[in-house]
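Worksheet for the structure shown next.
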Amino acid sequence: MKIRNLEINNGIPAVCIPLTDTVQEEMVEHAVHVAQETDIIEWRIDLCTGLKDLGQALSDLRGAASDTPLLATLRTEMEGGGFRGSSSEYRDIIMQCASSSCVDLVDVEYRALPDLKAFLKAIKDNGVRSVVSHHDFSETPDEKEMYSILEEMADTGADIVKLAVMPRTVHDVLSLLSVTYRFHALHPDKPLVTMSMGPLGVSSRVCGGTFGSCITFGCDGKASAPGQLDYRKLKEMIRILDEAGKR
């Protein structure tokens, strides 16, 4: 899959930096700072408590990012984020992002809307790709359940599916990577993003590409989820793994 000039799902995970700034102007300045350092910029709208004007912020962010792909995310409180509004408010904000001509991808939580398939089609009609996501901050479900969630998200018409879970044991991390490998092996053309969160799951953020995960998240300052590494270190580790695999 190509997003602007970025190829994803090609065996080397793209690095995405989330913008967690609480002030609109600082968020835009942050985008200028990282635009040439990362593959994808994610704007965590739910964390920008000082947001003044969504439309203006999107326009400014597009200019700041230059040609770096932009992912707009409104993470709900139910899935570890800061958004506490209604489902209709959630829908309206995501659709404003999708119709703005400013972003390339929008994150849509799998369980946030009842008519998900129709909503994703409307997003696609605006020329924007969807990342359908599910986050479990309490545990790692068994492999059968995780695989089923990925299949169900793919069946919605999502362009990319994303699953993040919280491990309690090292075995949980292995389970997540095993499910990632199986799904990617059966659906090689469906871009997949998975991660095991927290300190135990850090390895999944580095080596996930080996198992089929095509995007990994690294922080620049404040992390947007537990276990995120500094993006500079993350990029270097991915580079080292890639070079070692070519020997």
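All residue names refer to the structure tokens as shown: chains lettered A, B, ... in order, residues numbered from 1 in each chain, ligands numbered from 1 in order.
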
Counting only C-alpha atoms, what is within 8 Å of range 39-47 of chain A, bar same-chain residues fewer than 6 positions away, as an mmCIF file with N, CA and C atoms, in the first residue's frame?
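Output file selection-v1.cif follows:
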data_model
loop_
_atom_site.group_PDB
_atom_site.id
_atom_site.type_symbol
_atom_site.label_atom_id
_atom_site.label_comp_id
_atom_site.auth_asym_id
_atom_site.auth_seq_id
_atom_site.Cartn_x
_atom_site.Cartn_y
_atom_site.Cartn_z
ATOM 1 N N LEU A 6 5.076 7.030 0.766
ATOM 2 C CA LEU A 6 5.457 5.972 1.695
ATOM 3 C C LEU A 6 4.864 4.628 1.295
ATOM 4 N N ALA A 14 6.998 0.870 9.131
ATOM 5 C CA ALA A 14 7.091 2.325 9.134
ATOM 6 C C ALA A 14 7.020 2.811 10.581
ATOM 7 N N VAL A 15 7.742 3.888 10.880
ATOM 8 C CA VAL A 15 7.729 4.460 12.226
ATOM 9 C C VAL A 15 6.773 5.649 12.260
ATOM 10 N N CYS A 16 5.852 5.613 13.209
ATOM 11 C CA CYS A 16 4.867 6.683 13.382
ATOM 12 C C CYS A 16 5.117 7.382 14.712
ATOM 13 N N ILE A 17 5.161 8.713 14.678
ATOM 14 C CA ILE A 17 5.318 9.504 15.905
ATOM 15 C C ILE A 17 3.971 10.153 16.255
ATOM 16 N N PRO A 18 3.427 9.865 17.430
ATOM 17 C CA PRO A 18 2.194 10.533 17.859
ATOM 18 C C PRO A 18 2.491 11.923 18.420
ATOM 19 N N LEU A 19 1.667 12.882 18.054
ATOM 20 C CA LEU A 19 1.744 14.224 18.629
ATOM 21 C C LEU A 19 0.786 14.267 19.811
ATOM 22 N N THR A 20 1.342 14.419 21.011
ATOM 23 C CA THR A 20 0.528 14.391 22.228
ATOM 24 C C THR A 20 0.396 15.771 22.871
ATOM 25 N N ASP A 21 0.779 16.804 22.141
ATOM 26 C CA ASP A 21 0.751 18.171 22.688
ATOM 27 C C ASP A 21 -0.672 18.583 23.060
ATOM 28 N N THR A 22 -0.787 19.313 24.161
ATOM 29 C CA THR A 22 -2.105 19.738 24.628
ATOM 30 C C THR A 22 -2.531 21.073 24.035
ATOM 31 N N ALA A 31 4.970 19.160 14.878
ATOM 32 C CA ALA A 31 4.891 18.504 13.570
ATOM 33 C C ALA A 31 6.009 18.976 12.651
ATOM 34 N N ALA A 65 3.454 19.313 8.206
ATOM 35 C CA ALA A 65 3.931 17.961 7.917
ATOM 36 C C ALA A 65 4.539 17.835 6.540
ATOM 37 N N THR A 68 4.750 14.336 4.576
ATOM 38 C CA THR A 68 4.704 13.193 5.486
ATOM 39 C C THR A 68 3.252 12.793 5.717
ATOM 40 N N PRO A 69 2.896 11.513 5.578
ATOM 41 C CA PRO A 69 1.508 11.075 5.791
ATOM 42 C C PRO A 69 1.013 11.421 7.196
ATOM 43 N N LEU A 70 -0.257 11.817 7.264
ATOM 44 C CA LEU A 70 -0.885 12.199 8.523
ATOM 45 C C LEU A 70 -1.995 11.228 8.895
ATOM 46 N N LEU A 71 -1.967 10.784 10.147
ATOM 47 C CA LEU A 71 -3.008 9.937 10.718
ATOM 48 C C LEU A 71 -3.716 10.721 11.809
ATOM 49 N N ALA A 72 -5.033 10.864 11.697
ATOM 50 C CA ALA A 72 -5.826 11.560 12.713
ATOM 51 C C ALA A 72 -6.486 10.529 13.623
ATOM 52 N N THR A 73 -6.282 10.697 14.934
ATOM 53 C CA THR A 73 -6.818 9.736 15.906
ATOM 54 C C THR A 73 -7.556 10.461 17.016
ATOM 55 N N LEU A 74 -8.760 10.006 17.288
ATOM 56 C CA LEU A 74 -9.557 10.515 18.408
ATOM 57 C C LEU A 74 -9.807 9.319 19.328
ATOM 58 N N ARG A 75 -8.892 9.086 20.259
ATOM 59 C CA ARG A 75 -8.980 7.904 21.104
ATOM 60 C C ARG A 75 -9.976 8.124 22.233
ATOM 61 N N THR A 76 -10.913 7.206 22.363
ATOM 62 C CA THR A 76 -11.940 7.327 23.389
ATOM 63 C C THR A 76 -11.411 6.884 24.750
ATOM 64 N N GLY A 81 -7.937 6.575 25.831
ATOM 65 C CA GLY A 81 -7.732 7.945 25.391
ATOM 66 C C GLY A 81 -8.428 8.974 26.262
ATOM 67 N N GLY A 82 -8.520 10.185 25.734
ATOM 68 C CA GLY A 82 -9.085 11.273 26.514
ATOM 69 C C GLY A 82 -10.449 11.750 26.053
ATOM 70 N N PHE A 83 -11.002 11.162 24.977
ATOM 71 C CA PHE A 83 -12.285 11.645 24.455
ATOM 72 C C PHE A 83 -13.436 11.031 25.240
#

Residues near range 232-243 of chain A, anyone? I mean within 12 Å using only C-alpha atoms, not counting same-chain ones fewer than 3 positions away, as a PyMOL selection string. chain A and resi 10-17+34+37-39+202-210+214-221+227-229+246-247

Can you pull out every residue from range 50-245 of chain A that DSSP, working from the backbone, puts in strand (DSSP E or B), and format the result as a ChimeraX atom specification? /A:50,70-73,76,83,105-109,129-136,160-165,192-196,213,215-219,229-230

Assign secondary structure with DSSP using the backbone only, and return the residues of range 109-154 of chain A in alpha helix (DSSP H) as a ChimeraX atom specification. /A:116-125,143-154
